[in-house]
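Containing TSV, C-alpha atoms and all ligand atoms: input-v9.tsv.
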```tsv
chain	number	residue	atom	x	y	z
A	9	MET	CA	52.16	0.78	19.01
A	10	SER	CA	48.73	1.18	20.56
A	11	PHE	CA	45.71	-0.85	19.61
A	12	PRO	CA	42.09	0.31	19.37
A	13	ASN	CA	40.15	-0.94	22.38
A	14	GLN	CA	37.17	-1.69	20.29
A	15	ARG	CA	37.18	-3.17	16.79
A	16	PRO	CA	33.67	-3.16	15.33
A	17	ARG	CA	35.18	-4.68	12.19
A	18	ARG	CA	35.58	-8.05	13.98
A	19	LEU	CA	31.87	-8.60	13.56
A	20	ARG	CA	32.13	-7.91	9.84
A	21	THR	CA	34.94	-10.33	8.97
A	22	THR	CA	32.92	-13.07	7.23
A	23	ALA	CA	29.51	-13.40	5.67
A	24	ALA	CA	28.56	-15.84	8.42
A	25	MET	CA	29.62	-13.34	11.10
A	26	ARG	CA	27.64	-10.57	9.45
A	27	ARG	CA	24.62	-12.82	9.13
A	28	LEU	CA	24.83	-13.77	12.81
A	29	THR	CA	25.06	-10.17	13.98
A	30	ALA	CA	22.56	-8.60	11.55
A	31	GLU	CA	20.15	-6.32	13.42
A	32	THR	CA	17.47	-6.34	10.76
A	33	ARG	CA	16.43	-9.23	8.56
A	34	LEU	CA	13.97	-9.39	5.72
A	35	ALA	CA	11.39	-12.13	5.38
A	36	PRO	CA	8.78	-12.75	2.67
A	37	ALA	CA	5.96	-12.82	5.24
A	38	GLU	CA	6.30	-9.11	5.98
A	39	LEU	CA	6.00	-8.09	2.32
A	40	ILE	CA	2.72	-7.00	0.73
A	41	LEU	CA	2.26	-6.89	-3.03
A	42	PRO	CA	0.14	-4.03	-4.41
A	43	ALA	CA	-1.64	-5.15	-7.61
A	44	PHE	CA	-3.83	-3.46	-10.21
A	45	ILE	CA	-6.71	-5.00	-12.11
A	46	ARG	CA	-8.37	-3.26	-15.00
A	47	GLU	CA	-11.89	-4.04	-16.14
A	48	GLY	CA	-12.28	-5.44	-19.62
A	49	LEU	CA	-8.65	-6.26	-20.35
A	50	THR	CA	-7.87	-9.39	-22.33
A	51	GLN	CA	-4.09	-8.99	-22.06
A	52	PRO	CA	-2.11	-7.57	-19.13
A	53	ASN	CA	-1.25	-3.95	-19.85
A	54	PRO	CA	2.30	-2.80	-18.98
A	55	ILE	CA	2.58	0.42	-16.99
A	56	THR	CA	5.29	2.42	-18.78
A	57	SER	CA	6.48	4.36	-15.75
A	58	MET	CA	6.64	1.19	-13.63
A	59	PRO	CA	8.62	-1.32	-15.71
A	60	GLY	CA	7.70	-4.84	-14.62
A	61	VAL	CA	4.30	-3.82	-13.19
A	62	VAL	CA	1.09	-4.36	-15.16
A	63	GLN	CA	-2.61	-3.72	-15.07
A	64	HIS	CA	-3.82	-7.29	-14.63
A	65	THR	CA	-6.55	-9.30	-16.24
A	66	THR	CA	-8.52	-11.61	-13.95
A	67	ASP	CA	-6.33	-14.53	-15.01
A	68	THR	CA	-2.98	-12.85	-14.52
A	69	LEU	CA	-4.10	-11.38	-11.18
A	70	LYS	CA	-5.04	-14.83	-9.93
A	71	ARG	CA	-1.68	-16.14	-11.12
A	72	ALA	CA	0.18	-13.32	-9.39
A	73	ALA	CA	-1.70	-14.06	-6.16
A	74	ALA	CA	-0.94	-17.79	-6.41
A	75	GLU	CA	2.72	-17.01	-7.07
A	76	ALA	CA	2.81	-14.71	-4.03
A	77	VAL	CA	1.52	-17.58	-1.89
A	78	GLU	CA	4.18	-19.89	-3.35
A	79	LEU	CA	6.86	-17.37	-2.41
A	80	GLY	CA	5.58	-16.86	1.14
A	81	VAL	CA	4.53	-13.24	0.61
A	82	GLY	CA	2.38	-11.91	3.45
A	83	GLY	CA	-0.40	-10.12	1.63
A	84	ILE	CA	-1.74	-8.52	-1.51
A	85	MET	CA	-3.29	-5.04	-1.80
A	86	LEU	CA	-5.79	-4.75	-4.64
A	87	PHE	CA	-6.60	-1.67	-6.71
A	88	GLY	CA	-9.33	-1.71	-9.37
A	89	ILE	CA	-9.65	0.36	-12.53
A	90	PRO	CA	-13.26	0.45	-13.71
A	91	ALA	CA	-14.35	0.77	-17.35
A	92	VAL	CA	-16.78	3.57	-16.51
A	93	ARG	CA	-16.31	6.43	-14.07
A	94	ASP	CA	-18.68	9.05	-12.74
A	95	ALA	CA	-18.67	11.96	-10.31
A	96	GLU	CA	-19.75	9.79	-7.37
A	97	GLY	CA	-17.54	6.80	-8.14
A	98	SER	CA	-20.59	4.55	-8.11
A	99	ALA	CA	-18.83	1.54	-9.70
A	100	SER	CA	-17.09	1.14	-6.35
A	101	LEU	CA	-20.34	-0.01	-4.74
A	102	ASP	CA	-21.36	-2.52	-7.41
A	103	PRO	CA	-20.87	-6.03	-6.00
A	104	ASP	CA	-19.81	-7.06	-9.52
A	105	GLY	CA	-17.62	-3.97	-10.00
A	106	VAL	CA	-14.00	-4.53	-10.98
A	107	LEU	CA	-12.50	-4.37	-7.50
A	108	ASN	CA	-15.17	-6.34	-5.68
A	109	LYS	CA	-15.04	-9.03	-8.34
A	110	ALA	CA	-11.24	-9.14	-8.14
A	111	ILE	CA	-11.42	-9.62	-4.37
A	112	ARG	CA	-13.79	-12.55	-4.89
A	113	ASP	CA	-11.59	-14.05	-7.61
A	114	VAL	CA	-8.41	-13.76	-5.56
A	115	ARG	CA	-10.13	-15.13	-2.46
A	116	SER	CA	-11.37	-18.15	-4.39
A	117	GLU	CA	-7.87	-18.66	-5.80
A	118	VAL	CA	-5.84	-18.42	-2.58
A	119	GLY	CA	-8.39	-18.65	0.26
A	120	ASP	CA	-6.78	-17.68	3.54
A	121	GLU	CA	-3.21	-18.39	2.40
A	122	LEU	CA	-2.60	-14.71	1.72
A	123	VAL	CA	-4.00	-11.68	3.54
A	124	ILE	CA	-6.22	-10.10	0.91
A	125	MET	CA	-6.37	-6.33	1.27
A	126	SER	CA	-8.27	-3.83	-0.83
A	127	ASP	CA	-8.16	-0.11	-1.41
A	128	VAL	CA	-11.09	1.80	0.05
A	129	CYS	CA	-10.88	5.03	-1.90
A	130	LEU	CA	-12.79	6.74	-4.67
A	131	ASP	CA	-10.00	8.13	-6.85
A	132	GLU	CA	-9.93	5.12	-9.16
A	133	PHE	CA	-13.70	5.36	-9.57
A	134	THR	CA	-14.40	9.08	-9.98
A	135	ASP	CA	-14.29	10.89	-13.32
A	136	HIS	CA	-12.52	13.84	-11.65
A	137	GLY	CA	-9.92	11.63	-9.99
A	138	HIS	CA	-10.33	12.91	-6.44
A	139	CYS	CA	-10.46	10.54	-3.51
A	140	GLY	CA	-13.96	11.67	-2.62
A	141	VAL	CA	-17.08	13.36	-3.93
A	142	LEU	CA	-17.03	17.11	-4.54
A	143	ASP	CA	-19.28	19.82	-3.17
A	144	ALA	CA	-20.60	22.70	-5.28
A	145	ALA	CA	-17.33	24.59	-4.86
A	146	GLY	CA	-15.25	21.61	-6.03
A	147	TYR	CA	-13.96	20.87	-2.51
A	148	VAL	CA	-13.82	17.22	-1.45
A	149	ASP	CA	-16.82	16.72	0.83
A	150	ASN	CA	-15.46	14.81	3.82
A	151	ASP	CA	-18.61	13.51	5.45
A	152	ARG	CA	-20.46	12.49	2.30
A	153	THR	CA	-17.30	10.71	1.11
A	154	VAL	CA	-16.95	8.84	4.39
A	155	GLU	CA	-20.52	7.55	4.03
A	156	ILE	CA	-19.59	6.11	0.64
A	157	TYR	CA	-16.38	4.59	2.04
A	158	ALA	CA	-18.46	2.82	4.68
A	159	ARG	CA	-20.63	1.25	1.98
A	160	MET	CA	-17.56	0.38	-0.13
A	161	ALA	CA	-16.01	-1.30	2.87
A	162	VAL	CA	-19.03	-3.52	3.41
A	163	ALA	CA	-19.09	-4.44	-0.29
A	164	GLN	CA	-15.39	-5.37	-0.16
A	165	ALA	CA	-15.82	-7.38	3.03
A	166	ASP	CA	-18.81	-9.15	1.47
A	167	ALA	CA	-16.55	-10.00	-1.49
A	168	GLY	CA	-14.04	-11.63	0.86
A	169	ALA	CA	-11.36	-9.07	1.72
A	170	HIS	CA	-9.56	-9.88	4.97
A	171	MET	CA	-8.34	-6.35	5.52
A	172	LEU	CA	-9.44	-2.98	4.19
A	173	GLY	CA	-7.13	-0.09	3.38
A	174	PRO	CA	-8.85	3.29	3.49
A	175	SER	CA	-6.37	5.53	1.67
A	176	GLY	CA	-8.36	8.72	1.15
A	177	MET	CA	-7.27	10.68	4.24
A	178	MET	CA	-10.83	11.72	5.11
A	179	ASP	CA	-11.42	12.59	8.76
A	180	GLY	CA	-13.34	9.89	10.61
A	181	GLN	CA	-13.00	7.31	7.83
A	182	VAL	CA	-11.71	4.52	10.04
A	183	ALA	CA	-14.50	4.93	12.61
A	184	ALA	CA	-17.19	5.00	9.93
A	185	ILE	CA	-15.79	1.91	8.22
A	186	ARG	CA	-15.38	0.03	11.50
A	187	ARG	CA	-18.97	0.79	12.48
A	188	ALA	CA	-20.39	-0.20	9.10
A	189	LEU	CA	-18.40	-3.45	9.08
A	190	ASP	CA	-19.55	-4.37	12.56
A	191	GLN	CA	-23.18	-3.57	11.79
A	192	ALA	CA	-22.96	-5.78	8.71
A	193	GLY	CA	-21.58	-8.65	10.77
A	194	HIS	CA	-18.00	-8.29	9.53
A	195	THR	CA	-16.53	-7.95	13.00
A	196	SER	CA	-13.42	-9.93	12.03
A	197	THR	CA	-12.55	-7.89	8.96
A	198	SER	CA	-9.58	-5.72	9.87
A	199	VAL	CA	-8.53	-2.22	8.85
A	200	VAL	CA	-5.06	-1.06	7.85
A	201	ALA	CA	-5.33	2.69	8.15
A	202	TYR	CA	-3.35	4.91	5.85
A	203	ALA	CA	-2.79	7.03	8.92
A	204	ALA	CA	0.03	9.34	7.85
A	205	LYS	CA	-0.30	9.74	4.12
A	206	TYR	CA	1.52	12.67	2.59
A	207	ALA	CA	0.74	14.64	-0.57
A	208	SER	CA	3.68	13.35	-2.58
A	209	ALA	CA	5.18	13.92	-5.99
A	210	PHE	CA	6.27	10.28	-5.87
A	211	TYR	CA	2.71	9.05	-6.57
A	212	GLY	CA	3.22	10.07	-10.20
A	213	PRO	CA	3.53	6.59	-11.77
A	214	PHE	CA	0.53	5.30	-9.76
A	215	ARG	CA	-1.59	7.90	-11.50
A	216	GLU	CA	-0.62	6.25	-14.79
A	217	ALA	CA	-1.22	2.82	-13.28
A	218	VAL	CA	-4.86	3.67	-12.51
A	219	ASP	CA	-5.38	6.02	-15.51
A	220	SER	CA	-6.08	8.80	-13.05
A	221	GLN	CA	-8.19	11.69	-14.28
A	222	LEU	CA	-6.91	13.99	-11.55
A	223	LYS	CA	-6.17	17.60	-12.36
A	224	GLY	CA	-4.60	19.57	-9.56
A	225	ASP	CA	-3.53	17.91	-6.34
A	226	ARG	CA	-4.74	16.31	-3.10
A	227	ARG	CA	-3.34	18.89	-0.71
A	228	THR	CA	-6.65	19.60	1.00
A	229	TYR	CA	-6.74	16.04	2.35
A	230	GLN	CA	-3.27	14.47	2.22
A	231	MET	CA	-0.64	15.73	4.65
A	232	ASP	CA	1.94	18.40	3.99
A	233	SER	CA	5.42	16.93	3.43
A	234	GLY	CA	7.09	19.03	6.10
A	235	ASN	CA	4.80	17.96	8.94
A	236	ARG	CA	6.16	15.52	11.47
A	237	ARG	CA	4.15	16.08	14.65
A	238	GLU	CA	0.91	15.90	12.70
A	239	ALA	CA	1.66	12.27	11.79
A	240	ILE	CA	1.36	11.32	15.45
A	241	ARG	CA	-1.99	13.08	15.66
A	242	GLU	CA	-3.26	11.19	12.62
A	243	VAL	CA	-2.05	7.87	14.02
A	244	GLU	CA	-3.63	8.53	17.42
A	245	LEU	CA	-6.95	9.35	15.78
A	246	ASP	CA	-6.90	6.19	13.68
A	247	LEU	CA	-6.01	4.08	16.72
A	248	ALA	CA	-8.89	5.61	18.67
A	249	GLU	CA	-11.15	4.90	15.69
A	250	GLY	CA	-10.21	1.22	15.76
A	251	ALA	CA	-7.36	0.78	13.26
A	252	ASP	CA	-5.72	-2.66	13.48
A	253	ILE	CA	-2.56	-1.60	11.63
A	254	VAL	CA	-1.33	1.91	10.87
A	255	MET	CA	0.53	2.89	7.74
A	256	VAL	CA	3.02	5.57	6.76
A	257	LYS	CA	3.15	6.53	3.11
A	258	PRO	CA	5.36	7.17	1.16
A	259	ALA	CA	8.23	5.34	2.83
A	260	MET	CA	11.68	6.37	1.62
A	261	SER	CA	11.39	10.14	2.01
A	262	TYR	CA	9.51	9.67	5.32
A	263	LEU	CA	11.70	7.29	7.33
A	264	ASP	CA	11.69	9.68	10.29
A	265	ILE	CA	7.90	9.38	10.33
A	266	VAL	CA	8.15	5.59	10.17
A	267	ALA	CA	10.51	5.69	13.17
A	268	ASP	CA	8.29	8.10	15.12
A	269	VAL	CA	5.20	6.00	14.53
A	270	ALA	CA	7.01	2.75	15.32
A	271	ALA	CA	8.10	4.26	18.65
A	272	MET	CA	4.56	5.06	19.77
A	273	SER	CA	2.24	2.62	18.01
A	274	PRO	CA	0.78	-0.27	20.01
A	275	VAL	CA	-0.32	-1.90	16.73
A	276	PRO	CA	1.80	-3.12	13.81
A	277	VAL	CA	3.21	-0.44	11.52
A	278	ALA	CA	3.16	-0.71	7.73
A	279	ALA	CA	5.02	1.48	5.25
A	280	TYR	CA	4.24	1.80	1.55
A	281	GLN	CA	7.17	1.98	-0.84
A	282	ILE	CA	5.26	3.76	-3.54
A	283	SER	CA	5.25	3.90	-7.32
A	284	GLY	CA	7.73	6.78	-7.67
A	285	GLU	CA	10.17	5.07	-5.33
A	286	TYR	CA	9.89	1.97	-7.48
A	287	ALA	CA	10.29	3.97	-10.69
A	288	MET	CA	13.40	5.80	-9.48
A	289	ILE	CA	15.28	2.62	-8.66
A	290	GLU	CA	14.14	0.85	-11.82
A	291	ALA	CA	15.19	3.81	-13.96
A	292	ALA	CA	18.61	4.11	-12.36
A	293	ALA	CA	19.15	0.36	-12.65
A	294	ALA	CA	18.05	0.33	-16.30
A	295	ASN	CA	20.73	2.93	-16.98
A	296	GLY	CA	23.33	0.80	-15.26
A	297	TRP	CA	23.80	3.45	-12.58
A	298	ILE	CA	23.04	1.21	-9.60
A	299	ASP	CA	23.01	-2.52	-8.88
A	300	ARG	CA	19.30	-3.26	-9.14
A	301	ARG	CA	19.03	-6.21	-6.76
A	302	ALA	CA	21.28	-4.65	-4.13
A	303	ALA	CA	19.46	-1.32	-4.30
A	304	ILE	CA	16.02	-2.91	-4.00
A	305	THR	CA	17.11	-5.03	-1.05
A	306	GLU	CA	18.76	-2.08	0.69
A	307	SER	CA	15.75	0.18	0.16
A	308	VAL	CA	13.33	-2.29	1.76
A	309	LEU	CA	15.80	-3.12	4.53
A	310	GLY	CA	16.04	0.61	5.32
A	311	ILE	CA	12.27	0.86	5.68
A	312	ARG	CA	12.25	-2.13	8.03
A	313	ARG	CA	15.21	-0.75	9.99
A	314	ALA	CA	13.33	2.53	10.48
A	315	GLY	CA	10.68	0.51	12.29
A	316	ALA	CA	8.11	-0.72	9.79
A	317	ASP	CA	6.86	-4.21	10.64
A	318	MET	CA	5.65	-4.74	7.09
A	319	VAL	CA	6.31	-3.14	3.73
A	320	LEU	CA	4.05	-2.72	0.74
A	321	THR	CA	6.32	-2.92	-2.28
A	322	TYR	CA	5.86	-3.67	-5.96
A	323	TRP	CA	8.93	-5.90	-5.64
A	324	ALA	CA	7.29	-8.10	-2.97
A	325	SER	CA	7.27	-11.32	-5.01
A	326	GLU	CA	10.64	-10.82	-6.66
A	327	LEU	CA	12.27	-9.90	-3.35
A	328	ALA	CA	10.60	-12.86	-1.63
A	329	GLY	CA	12.12	-15.08	-4.31
A	330	TRP	CA	15.59	-13.72	-3.62
A	331	LEU	CA	15.11	-14.17	0.12
A	332	LYS	CA	14.06	-17.78	-0.41
A	333	GLU	CA	17.15	-18.38	-2.54
A	334	SER	CA	19.62	-17.08	0.01
B	1	LIG	C1	-5.31	6.37	-3.49
B	1	LIG	C2	-3.95	5.79	-3.53
B	1	LIG	C3	-2.82	6.31	-4.15
B	1	LIG	C4	-1.79	5.41	-3.93
B	1	LIG	C5	-2.31	4.35	-3.21
B	1	LIG	N1	-3.64	4.62	-2.94
B	1	LIG	C6	-2.66	7.50	-4.99
B	1	LIG	C7	-2.76	8.83	-4.43
B	1	LIG	O1	-2.98	9.05	-3.23
B	1	LIG	O2	-2.66	9.76	-5.24
B	1	LIG	C8	-0.39	5.57	-4.43
B	1	LIG	C9	0.44	4.34	-4.45
B	1	LIG	C10	1.69	4.48	-5.21
B	1	LIG	O3	2.07	5.60	-5.65
B	1	LIG	O4	2.36	3.46	-5.39
B	1	LIG	N2	-6.28	5.41	-3.83
```
Here is a file; write its structure as structure tokens.
Ligand code: PBG
Amino acid sequence: MSFPNQRPRRLRTTAAMRRLTAETRLAPAELILPAFIREGLTQPNPITSMPGVVQHTTDTLKRAAAEAVELGVGGIMLFGIPAVRDAEGSASLDPDGVLNKAIRDVRSEVGDELVIMSDVCLDEFTDHGHCGVLDAAGYVDNDRTVEIYARMAVAQADAGAHMLGPSGMMDGQVAAIRRALDQAGHTSTSVVAYAAKYASAFYGPFREAVDSQLKGDRRTYQMDSGNRREAIREVELDLAEGADIVMVKPAMSYLDIVADVAAMSPVPVAAYQISGEYAMIEAAAANGWIDRRAAITESVLGIRRAGADMVLTYWASELAGWLKES
């Protein structure tokens, strides 16, 4: 009778042994809760394709932020849905516009207890649903869009955002935002760059969440799904432009990209577990096809294991609650 020299199973014999030898752990502090606020709502509005996620009113958003603090969540990422949209997305610049007001409300509710992040992008504000303004041919005009982003960024920093998330994939957006922030005296406001953001079918439910008007797609500005090397180029550009954190998005179908970026980035790496990833797991769980809690935990753990330092996930508060429990 011969014995195996090595028995990896020894380190799996008890829960305590597995806990001791775990290579990756989850903690509430590395979770970021994306949240939607819609102008003019009196009741929170459920998002059908994202069961459990709502378009918030001011009150419920403040409560969600306070709860996130209670649970030790690291940050909140705010998206606003304005009552009125136009071709230039001008509601994004109004200091009393839905997103800027939400930033102020959340900041007054939680102060510095939570990192308050906000979306710097025009798609929620334009009547055509694109992330920027269009030229005469209907092409998203990079440089004119970036000028608007710079002004949005200052408005959001004025409102009290700690960190800005430019998600539009325009060239030079991080540099323009950094410069505008600094000129306005917001030298301490940081930027989490959506550095490698892919044109993804998994954004579907988000489009419902923000009542997107988009027809067509974002393939002239978001990255092609098959491109791996290009992610490094995008990250290098954003680092050179002054990004404080770089993000990969989506997460679950792009774990190789998360790993590549984690291997080369000198700044923290975020990954965004997006709406379609949320919807898939919720739908399978609702059908009784997977164990909901185990699948959610495993999915976020996988993103962390791939190398993300922090994860944006719609389950941030619920998952933080489970982590606190155990
Ligand atoms: C653009 C933006 C999008 C998401 C976050 N920021 C939509 C898009 O690029 O089409 C998607 C997030 C998600 O799907 O959960 N402002």
Would you tabulate, counting only C-alpha atoms and all ligand atoms, all residues of chain A that have an atom at most 7 Å from an atom of ligand LIG 1 (chain B), showing the closest pair of atoms and their distance in Å to one decimal, sorted by chain then ascending number, as JSON lines?
```
{"residue": "A:Asp127", "atom": "CA", "partner": "B:LIG1", "partner_atom": "N2", "distance": 6.3}
{"residue": "A:Cys129", "atom": "CA", "partner": "B:LIG1", "partner_atom": "N2", "distance": 5.0}
{"residue": "A:Leu130", "atom": "CA", "partner": "B:LIG1", "partner_atom": "N2", "distance": 6.7}
{"residue": "A:Asp131", "atom": "CA", "partner": "B:LIG1", "partner_atom": "N2", "distance": 5.5}
{"residue": "A:Glu132", "atom": "CA", "partner": "B:LIG1", "partner_atom": "N2", "distance": 6.5}
{"residue": "A:Cys139", "atom": "CA", "partner": "B:LIG1", "partner_atom": "N2", "distance": 6.6}
{"residue": "A:Ser175", "atom": "CA", "partner": "B:LIG1", "partner_atom": "C1", "distance": 5.3}
{"residue": "A:Gly176", "atom": "CA", "partner": "B:LIG1", "partner_atom": "C1", "distance": 6.0}
{"residue": "A:Phe210", "atom": "CA", "partner": "B:LIG1", "partner_atom": "O3", "distance": 6.3}
{"residue": "A:Tyr211", "atom": "CA", "partner": "B:LIG1", "partner_atom": "O3", "distance": 3.6}
{"residue": "A:Gly212", "atom": "CA", "partner": "B:LIG1", "partner_atom": "O3", "distance": 6.5}
{"residue": "A:Pro213", "atom": "CA", "partner": "B:LIG1", "partner_atom": "O3", "distance": 6.4}
{"residue": "A:Phe214", "atom": "CA", "partner": "B:LIG1", "partner_atom": "O3", "distance": 4.4}
{"residue": "A:Arg215", "atom": "CA", "partner": "B:LIG1", "partner_atom": "C6", "distance": 6.6}
{"residue": "A:Gln281", "atom": "CA", "partner": "B:LIG1", "partner_atom": "O4", "distance": 6.8}
{"residue": "A:Ile282", "atom": "CA", "partner": "B:LIG1", "partner_atom": "O4", "distance": 3.5}
{"residue": "A:Ser283", "atom": "CA", "partner": "B:LIG1", "partner_atom": "O4", "distance": 3.5}
{"residue": "A:Gly284", "atom": "CA", "partner": "B:LIG1", "partner_atom": "O3", "distance": 6.1}
```
Need the shell around Gly234 of chain A: protein/DNA/RNA residues with any atom at most 12 Å away, counting only C-alpha atoms. Skip same-chain ones fewer than 2 positions apart. Format as a PyMOL selection string?
chain A and resi 206-208+230-232+236-239+261-262+264-265
Between atom CA of His136 of chain A and atom CA of Arg112 of chain A, distance in Å (one decimal):
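Between atom CA of His136 of chain A and atom CA of Arg112 of chain A the gap is 27.3 Å.
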As AutoDock Vina command-line options: centre and edge lengths in Å, one decimal, of the axis-aligned box holding segment 171-186 of chain A with 5 Å per side:
```
--center_x -11.8 --center_y 3.1 --center_z 6.9 --size_x 20.8 --size_y 28.9 --size_z 21.5
```
Contact residues around Asp143 of chain A with all atoms listed in the file at 12 Å, ignoring same-chain residues under 3 positions, as a PyMOL selection string:
chain A and resi 95-96+138+140+146-153
Pairwise distance for atom CA of Thr66 of chain A and atom CA of Asp113 of chain A, rounded to one decimal in Å:
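Separating atom CA of Thr66 of chain A from atom CA of Asp113 of chain A is a distance of 7.5 Å.
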Would you mind listing what lies within 9 Å of Ala110 of chain A as a PyMOL selection string, with all atoms listed in the file counted and same-chain residues fewer than 2 positions away left out?
chain A and resi 45+66+69-70+86-88+104-108+112-115+167
